[in-house]
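Peer 1: Below you'll find run-v6.pdb; it's PDB, C-alpha atoms.
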```
MODEL        1
ATOM      1  CA  MET P 117      -4.102 -24.031   8.010
ATOM      2  CA  ARG P 118      -1.818 -21.010   7.798
ATOM      3  CA  LYS P 119       1.095 -20.607  10.205
ATOM      4  CA  LEU P 120       1.873 -17.698  12.506
ATOM      5  CA  THR P 121       5.595 -16.886  12.392
ATOM      6  CA  TYR P 122       7.285 -14.544  14.847
ATOM      7  CA  TYR P 123      10.015 -13.115  12.610
ATOM      8  CA  VAL P 124      12.186 -10.711  14.585
ATOM      9  CA  ALA P 125      15.702  -9.470  15.342
ATOM     10  CA  SER P 126      17.133  -9.953  18.829
ATOM     11  CA  THR P 127      20.303  -9.408  20.812
ATOM     12  CA  ILE P 128      21.940 -12.454  22.385
ATOM     13  CA  ASP P 129      20.561 -11.337  25.748
ATOM     14  CA  GLY P 130      17.013 -11.403  24.352
ATOM     15  CA  PHE P 131      16.071  -7.800  23.574
ATOM     16  CA  ILE P 132      14.309  -6.619  20.419
ATOM     17  CA  ALA P 133      14.575  -2.883  21.138
ATOM     18  CA  THR P 134      15.820  -0.429  23.732
ATOM     19  CA  GLU P 135      13.430   0.595  26.495
ATOM     20  CA  ASP P 136      12.309   3.592  24.396
ATOM     21  CA  GLY P 137      11.721   1.391  21.328
ATOM     22  CA  SER P 138      14.841   2.239  19.338
ATOM     23  CA  VAL P 139      16.426  -0.426  17.133
ATOM     24  CA  ASP P 140      19.293   1.764  15.926
ATOM     25  CA  PHE P 141      21.846  -0.451  17.689
ATOM     26  CA  PHE P 142      21.253  -3.283  15.177
ATOM     27  CA  PRO P 143      23.955  -2.866  12.518
ATOM     28  CA  VAL P 144      22.925  -2.411   8.906
ATOM     29  CA  GLY P 145      24.915  -4.140   6.211
ATOM     30  CA  GLY P 146      26.970  -7.288   6.332
ATOM     31  CA  ASP P 147      26.261 -10.460   4.436
ATOM     32  CA  HIS P 148      23.121 -11.551   6.313
ATOM     33  CA  GLY P 149      20.948  -8.746   4.937
ATOM     34  CA  PRO P 150      21.050  -9.603   1.225
ATOM     35  CA  TYR P 151      20.423 -13.290   1.956
ATOM     36  CA  ILE P 152      17.452 -12.696   4.240
ATOM     37  CA  ASN P 153      16.017  -9.944   2.022
ATOM     38  CA  ALA P 154      16.204 -12.280  -0.980
ATOM     39  CA  HIS P 155      14.342 -15.041   0.870
ATOM     40  CA  TYR P 156      11.824 -12.870   2.770
ATOM     41  CA  PRO P 157      11.429  -9.667   0.722
ATOM     42  CA  GLU P 158       7.894  -9.155   2.013
ATOM     43  CA  THR P 159       9.333  -8.359   5.462
ATOM     44  CA  LEU P 160      10.901  -5.188   4.117
ATOM     45  CA  PRO P 161       8.766  -2.057   4.606
ATOM     46  CA  THR P 162       7.124  -0.961   1.370
ATOM     47  CA  LYS P 163       9.212   2.238   1.198
ATOM     48  CA  VAL P 164      12.431   0.193   1.558
ATOM     49  CA  ARG P 165      11.282  -2.277  -1.106
ATOM     50  CA  GLU P 166      10.648   0.615  -3.479
ATOM     51  CA  ALA P 167      13.992   2.281  -2.709
ATOM     52  CA  LEU P 168      15.858  -0.991  -3.315
ATOM     53  CA  GLY P 169      13.848  -1.829  -6.434
ATOM     54  CA  VAL P 170      12.502  -5.044  -4.875
ATOM     55  CA  ASP P 171       9.602  -6.249  -6.998
ATOM     56  CA  LYS P 172       9.372  -9.904  -5.955
ATOM     57  CA  PRO P 173       5.953 -11.336  -5.148
ATOM     58  CA  ASN P 174       5.210 -12.353  -1.578
ATOM     59  CA  GLY P 175       6.470 -15.906  -1.138
ATOM     60  CA  THR P 176       6.139 -16.665   2.575
ATOM     61  CA  PHE P 177       3.769 -14.126   4.127
ATOM     62  CA  ASP P 178       0.738 -12.222   2.863
ATOM     63  CA  THR P 179      -0.419 -10.888   6.242
ATOM     64  CA  VAL P 180       1.361  -8.975   9.013
ATOM     65  CA  VAL P 181       0.220  -8.558  12.616
ATOM     66  CA  MET P 182       1.898  -5.992  14.846
ATOM     67  CA  GLY P 183       1.381  -4.383  18.217
ATOM     68  CA  ARG P 184       0.672  -0.708  18.750
ATOM     69  CA  ARG P 185       4.257   0.227  19.668
ATOM     70  CA  THR P 186       5.645  -1.590  16.621
ATOM     71  CA  HIS P 187       3.154   0.236  14.418
ATOM     72  CA  ASP P 188       4.007   3.542  16.117
ATOM     73  CA  PHE P 189       7.622   3.033  15.029
ATOM     74  CA  GLY P 190       6.409   3.090  11.416
ATOM     75  CA  VAL P 191       4.316   6.179  12.099
ATOM     76  CA  ARG P 192       7.403   7.939  13.508
ATOM     77  CA  THR P 193       9.282   7.119  10.299
ATOM     78  CA  GLY P 194       6.540   8.623   8.161
ATOM     79  CA  THR P 195       3.975   5.971   7.376
ATOM     80  CA  ALA P 196       0.850   4.622   9.020
ATOM     81  CA  SER P 197       0.810   1.821   6.418
ATOM     82  CA  PRO P 198       4.362   0.400   6.584
ATOM     83  CA  TYR P 199       3.646  -2.876   4.754
ATOM     84  CA  SER P 200       1.089  -1.910   2.108
ATOM     85  CA  HIS P 201       2.115  -4.965   0.045
ATOM     86  CA  LEU P 202       0.634  -7.158   2.850
ATOM     87  CA  ARG P 203      -2.672  -7.312   4.711
ATOM     88  CA  GLN P 204      -1.866  -5.307   7.842
ATOM     89  CA  TYR P 205      -3.342  -5.661  11.320
ATOM     90  CA  VAL P 206      -2.514  -3.574  14.391
ATOM     91  CA  VAL P 207      -3.444  -4.975  17.790
ATOM     92  CA  SER P 208      -4.433  -2.179  20.147
ATOM     93  CA  SER P 209      -7.101  -1.533  22.729
ATOM     94  CA  THR P 210      -6.162   2.162  22.906
ATOM     95  CA  LEU P 211      -6.309   3.318  19.270
ATOM     96  CA  PRO P 212      -9.699   5.015  18.773
ATOM     97  CA  GLU P 213      -9.912   4.051  15.081
ATOM     98  CA  LYS P 214      -8.011   2.501  12.189
ATOM     99  CA  PRO P 215      -4.681   4.324  11.783
ATOM    100  CA  ASP P 216      -4.867   4.083   7.983
ATOM    101  CA  PRO P 217      -7.442   2.821   5.455
ATOM    102  CA  ASP P 218      -5.041  -0.028   4.526
ATOM    103  CA  VAL P 219      -4.594  -1.153   8.150
ATOM    104  CA  GLU P 220      -7.137  -3.196  10.094
ATOM    105  CA  LEU P 221      -7.493  -2.725  13.838
ATOM    106  CA  ILE P 222      -7.754  -5.663  16.260
ATOM    107  CA  ALA P 223      -9.190  -4.071  19.395
ATOM    108  CA  GLY P 224     -10.388  -7.295  21.019
ATOM    109  CA  ASP P 225      -8.783 -10.631  21.791
ATOM    110  CA  PRO P 226      -5.678 -11.024  19.582
ATOM    111  CA  VAL P 227      -5.626 -14.815  20.055
ATOM    112  CA  ALA P 228      -9.149 -15.187  18.668
ATOM    113  CA  ALA P 229      -8.337 -12.829  15.781
ATOM    114  CA  VAL P 230      -5.180 -14.744  14.857
ATOM    115  CA  ARG P 231      -7.004 -18.079  15.068
ATOM    116  CA  ALA P 232      -9.547 -16.722  12.572
ATOM    117  CA  LEU P 233      -6.762 -15.496  10.269
ATOM    118  CA  LYS P 234      -5.046 -18.885  10.430
ATOM    119  CA  ARG P 235      -8.218 -20.596   9.175
ATOM    120  CA  GLU P 236      -8.273 -18.430   6.036
ATOM    121  CA  GLU P 237      -6.658 -19.407   2.748
ATOM    122  CA  GLY P 238      -3.361 -17.805   1.855
ATOM    123  CA  LEU P 239       0.294 -17.554   2.727
ATOM    124  CA  GLY P 240       1.703 -17.327   6.233
ATOM    125  CA  ILE P 241       1.050 -14.696   8.869
ATOM    126  CA  TRP P 242       4.006 -12.658  10.075
ATOM    127  CA  LEU P 243       4.031 -11.525  13.678
ATOM    128  CA  CYS P 244       6.207  -8.445  13.322
ATOM    129  CA  GLY P 245       6.302  -7.480  16.997
ATOM    130  CA  GLY P 246       6.439  -6.607  19.715
ATOM    131  CA  GLY P 247       7.377  -8.743  22.640
ATOM    132  CA  GLU P 248       4.226  -8.182  24.679
ATOM    133  CA  LEU P 249       2.076  -9.234  21.725
ATOM    134  CA  ALA P 250       4.334 -12.242  21.107
ATOM    135  CA  GLN P 251       3.792 -13.272  24.712
ATOM    136  CA  ALA P 252       0.009 -12.993  24.331
ATOM    137  CA  LEU P 253       0.071 -14.937  21.046
ATOM    138  CA  LEU P 254       2.576 -17.574  22.190
ATOM    139  CA  PRO P 255      -0.003 -20.407  22.097
ATOM    140  CA  GLU P 256      -0.620 -19.597  18.412
ATOM    141  CA  ILE P 257       3.011 -19.108  17.311
ATOM    142  CA  ASP P 258       3.945 -21.974  14.999
ATOM    143  CA  GLN P 259       7.418 -20.767  14.073
ATOM    144  CA  VAL P 260      10.054 -18.308  15.245
ATOM    145  CA  PHE P 261      12.455 -16.890  12.660
ATOM    146  CA  LEU P 262      15.153 -15.190  14.705
ATOM    147  CA  LYS P 263      17.897 -12.892  13.442
ATOM    148  CA  LEU P 264      20.254 -13.177  16.394
ATOM    149  CA  TYR P 265      22.798 -10.362  16.551
ATOM    150  CA  PRO P 266      26.056 -10.767  18.516
ATOM    151  CA  ILE P 267      25.179  -7.838  20.781
ATOM    152  CA  VAL P 268      24.490  -7.617  24.518
ATOM    153  CA  LEU P 269      22.170  -4.709  25.261
ATOM    154  CA  GLY P 270      21.712  -5.233  28.995
ATOM    155  CA  ALA P 271      18.167  -3.846  29.122
ATOM    156  CA  GLY P 272      15.312  -3.119  26.777
ATOM    157  CA  ARG P 273      12.158  -4.676  25.394
ATOM    158  CA  PRO P 274      12.335  -8.461  25.766
ATOM    159  CA  LEU P 275      11.727 -10.903  22.937
ATOM    160  CA  PHE P 276       8.593 -12.245  24.661
ATOM    161  CA  GLY P 277       7.614  -9.347  26.906
ATOM    162  CA  THR P 278       7.715  -9.222  30.681
ATOM    163  CA  GLY P 279       5.575  -9.966  33.656
ATOM    164  CA  ALA P 280       3.559 -13.051  32.809
ATOM    165  CA  ARG P 281       4.623 -16.435  34.062
ATOM    166  CA  LEU P 282       3.791 -19.310  31.754
ATOM    167  CA  PRO P 283       1.936 -22.274  33.223
ATOM    168  CA  GLU P 284       4.542 -24.461  31.505
ATOM    169  CA  PRO P 285       7.459 -23.803  29.160
ATOM    170  CA  ALA P 286       6.696 -23.360  25.472
ATOM    171  CA  CYS P 287       9.099 -25.642  23.612
ATOM    172  CA  PHE P 288      10.514 -25.217  20.131
ATOM    173  CA  ARG P 289      13.014 -27.149  18.033
ATOM    174  CA  VAL P 290      15.614 -25.730  15.677
ATOM    175  CA  VAL P 291      14.648 -26.458  12.079
ATOM    176  CA  THR P 292      17.543 -24.658  10.366
ATOM    177  CA  SER P 293      20.376 -22.380  11.384
ATOM    178  CA  ARG P 294      22.950 -20.363   9.541
ATOM    179  CA  VAL P 295      25.709 -18.128  10.874
ATOM    180  CA  PHE P 296      26.866 -15.380   8.546
ATOM    181  CA  ALA P 297      30.361 -13.904   8.280
ATOM    182  CA  ASP P 298      29.104 -10.700   9.921
ATOM    183  CA  GLY P 299      28.266 -12.715  13.066
ATOM    184  CA  VAL P 300      24.482 -12.694  12.705
ATOM    185  CA  ALA P 301      22.814 -16.073  13.156
ATOM    186  CA  PHE P 302      19.528 -16.786  11.411
ATOM    187  CA  LEU P 303      17.602 -19.485  13.257
ATOM    188  CA  LYS P 304      14.283 -21.058  12.377
ATOM    189  CA  TYR P 305      12.349 -22.756  15.166
ATOM    190  CA  ALA P 306       9.154 -24.820  15.006
ATOM    191  CA  ALA P 307       6.772 -25.095  17.941
ATOM    192  CA  LEU P 308       6.588 -28.488  19.644
ATOM    193  CA  ARG P 309       2.998 -29.228  20.506
ATOM    194  CA  PRO P 310       1.393 -32.420  21.800
TER     195      PRO P 310
ENDMDL
END
```
Output the structure of this file as structure tokens.
Peer 2:
Amino acid sequence: MRKLTYYVASTIDGFIATEDGSVDFFPVGGDHGPYINAHYPETLPTKVREALGVDKPNGTFDTVVMGRRTHDFGVRTGTASPYSHLRQYVVSSTLPEKPDPDVELIAGDPVAAVRALKREEGLGIWLCGGGELAQALLPEIDQVFLKLYPIVLGAGRPLFGTGARLPEPACFRVVTSRVFADGVAFLKYAALRP
């Protein structure tokens, strides 16, 4: 069975974006970027891959699932198909139709849709964001790959959304961790399930 991996950047106080969705506060450069890009090149948007001359085959993920606001970020930067080198799904109950021929729309239950995707053959499934979708899909998240930046934002969009109280804590264990010279920590967690 394929795994669902929430691969995301976060501040140390648990925010993945500002309240208006900006991620401009995350610094670009440093030594973490080349390492992570070499190991997970499929998580780079297609336009960035092309600009950098990245031509590596997908090694970890072949499918990406994202929420409407995460997808809208790509639309604002000029593309409705940000990861055309992957199978792309946008979860939204408000989009009237597919935003692009290369993007599938999940208008119904995202948990049921992800369970169906996990039963298919292939590489892993990348949950690109956002926090509200991560909260809804928490029972299906098998791994969290977290780029933890040494930044305190104070407010913004939380790593796992807001508002819902879990019936019990979701527990994970650290599988690997690495701290780079630029201060970014890259942590891999695996879900602990009975």
Peer 1: Please expand the PyMOL selection byres ((chain P and resi 202) around 8) into the concrete residues it hits in this file, giving the result as a PyMOL selection string.
Peer 2: chain P and resi 158+177-180+199-201+203-204
Peer 1: Which polymer residues have any atom within 10 Å of an atom of Ala306 of chain P, counting all atoms listed in the file, with same-chain residues fewer than 4 positions away left out, as a VMD selection string?
Peer 2: chain P and resid 121 257 to 261 287 to 292
Peer 1: Give me the residues of segment 118-186 of chain P that have any atom at most 12 Å from an atom of segment 208-222 of chain P; for each, the nearest atom pair and the distance in Å, rounded to one decimal. Use only C-alpha atoms, sort by chain and number, and format it as a tab-separated table.
Peer 2:
```
residue	atom	partner	partner_atom	distance
P:Thr179	CA	P:Val219	CA	10.8
P:Val180	CA	P:Val219	CA	9.9
P:Val181	CA	P:Ile222	CA	9.2
P:Met182	CA	P:Ser208	CA	9.1
P:Gly183	CA	P:Ser208	CA	6.5
P:Arg184	CA	P:Ser208	CA	5.5
P:Arg185	CA	P:Ser208	CA	9.0
P:Thr186	CA	P:Ser208	CA	10.7
```
Peer 1: Using the chain letters and numbers from this file, what does the PyMOL selection byres ((chain P and resi 301) around 9) select? Give the answer as a list of chain:residue names.
Peer 2: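 That expression, the PyMOL selection byres ((chain P and resi 301) around 9), corresponds here to P:His148, P:Leu262, P:Lys263, P:Leu264, P:Tyr265, P:Pro266, P:Ser293, P:Arg294, P:Val295, P:Phe296, P:Asp298, P:Gly299, P:Val300, P:Phe302, P:Leu303.
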Peer 1: Which is closest to Gly277 of chain P among P:Arg235, P:Phe131, P:Leu308, P:Lys172, if we use only C-alpha atoms?
Peer 2: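 Using only C-alpha atoms, Gly277 of chain P sits closest to P:Phe131.
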Peer 1: Have a look at atom CA of Thr159 of chain P and atom CA of Trp242 of chain P and let me know their distance in Å, one decimal.
Peer 2: 8.3 Å
Peer 1: Go ahead and compute the interatomic distance for atom CA of Val124 of chain P and atom CA of Asp188 of chain P, in Å to one decimal.
Peer 2: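 Atom CA of Val124 of chain P sits 16.5 Å away from atom CA of Asp188 of chain P.
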Peer 1: List as a short mmCIF file (atom, residue, chain, number, x, y, z; two decimals) with C-alpha atoms, keeping the file's coordinate frame the residues having at least one atom at most 7 Å from position (-5.7, -7.5, 16.7) as given in the file, counting all atoms listed in the file.
Peer 2:
```cif
data_model
loop_
_atom_site.label_atom_id
_atom_site.label_comp_id
_atom_site.auth_asym_id
_atom_site.auth_seq_id
_atom_site.Cartn_x
_atom_site.Cartn_y
_atom_site.Cartn_z
CA TYR P 205 -3.34 -5.66 11.32
CA VAL P 206 -2.51 -3.57 14.39
CA VAL P 207 -3.44 -4.97 17.79
CA SER P 208 -4.43 -2.18 20.15
CA LEU P 221 -7.49 -2.72 13.84
CA ILE P 222 -7.75 -5.66 16.26
CA ALA P 223 -9.19 -4.07 19.40
CA GLY P 224 -10.39 -7.30 21.02
CA ASP P 225 -8.78 -10.63 21.79
CA PRO P 226 -5.68 -11.02 19.58
CA ALA P 229 -8.34 -12.83 15.78
#
```
Peer 1: Write out as an NGL selection string the residues lying within 10 Å of Ala271 of chain P, counting only C-alpha atoms and excluding same-chain residues fewer than 3 positions away.
Peer 2: :P and (129-135 or 268 or 274)
Peer 1: Smallest atom-to-atom distance to Gly146 of chain P: which of P:Leu233, P:Ala297, P:Val191, P:Ala286, using all atoms listed in the file?
Peer 2: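 Smallest separation from Gly146 of chain P among the options: P:Ala297.
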Peer 1: Looking at P:Asp140, P:Asn174, P:Ala228, P:Ile152, which one is nearest to Gly240 of chain P, with distances taken over only C-alpha atoms?
Peer 2: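 Ranked by minimum distance to Gly240 of chain P, first place goes to P:Asn174.
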Peer 1: Calculated over all atoms listed in the file, which of the candidates P:Pro255, P:Gly149, P:Gly270, P:Pro283 has the smallest distance to Ala307 of chain P?
Peer 2: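 Among P:Pro255, P:Gly149, P:Gly270, P:Pro283, it is P:Pro255 that comes nearest to Ala307 of chain P.
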Peer 1: Atom CA of Phe276 of chain P and atom CA of Ala252 of chain P, how far apart in Å?
Peer 2: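 Separation between atom CA of Ala252 of chain P and atom CA of Phe276 of chain P: 8.6 Å.
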Peer 1: Which residues fall under the PyMOL selection byres ((chain P and resi 117) around 9) in this file, as a ChimeraX atom specification?
Peer 2: /P:118-119,234-238
Peer 1: Of the candidates P:Arg192, P:Leu254, P:Ala280, P:Gly272, which shows the shortest atom-to-atom distance to Arg309 of chain P, using all atoms listed in the file?
Peer 2: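 Ranking P:Arg192, P:Leu254, P:Ala280, P:Gly272 by distance to Arg309 of chain P, first place goes to P:Leu254.
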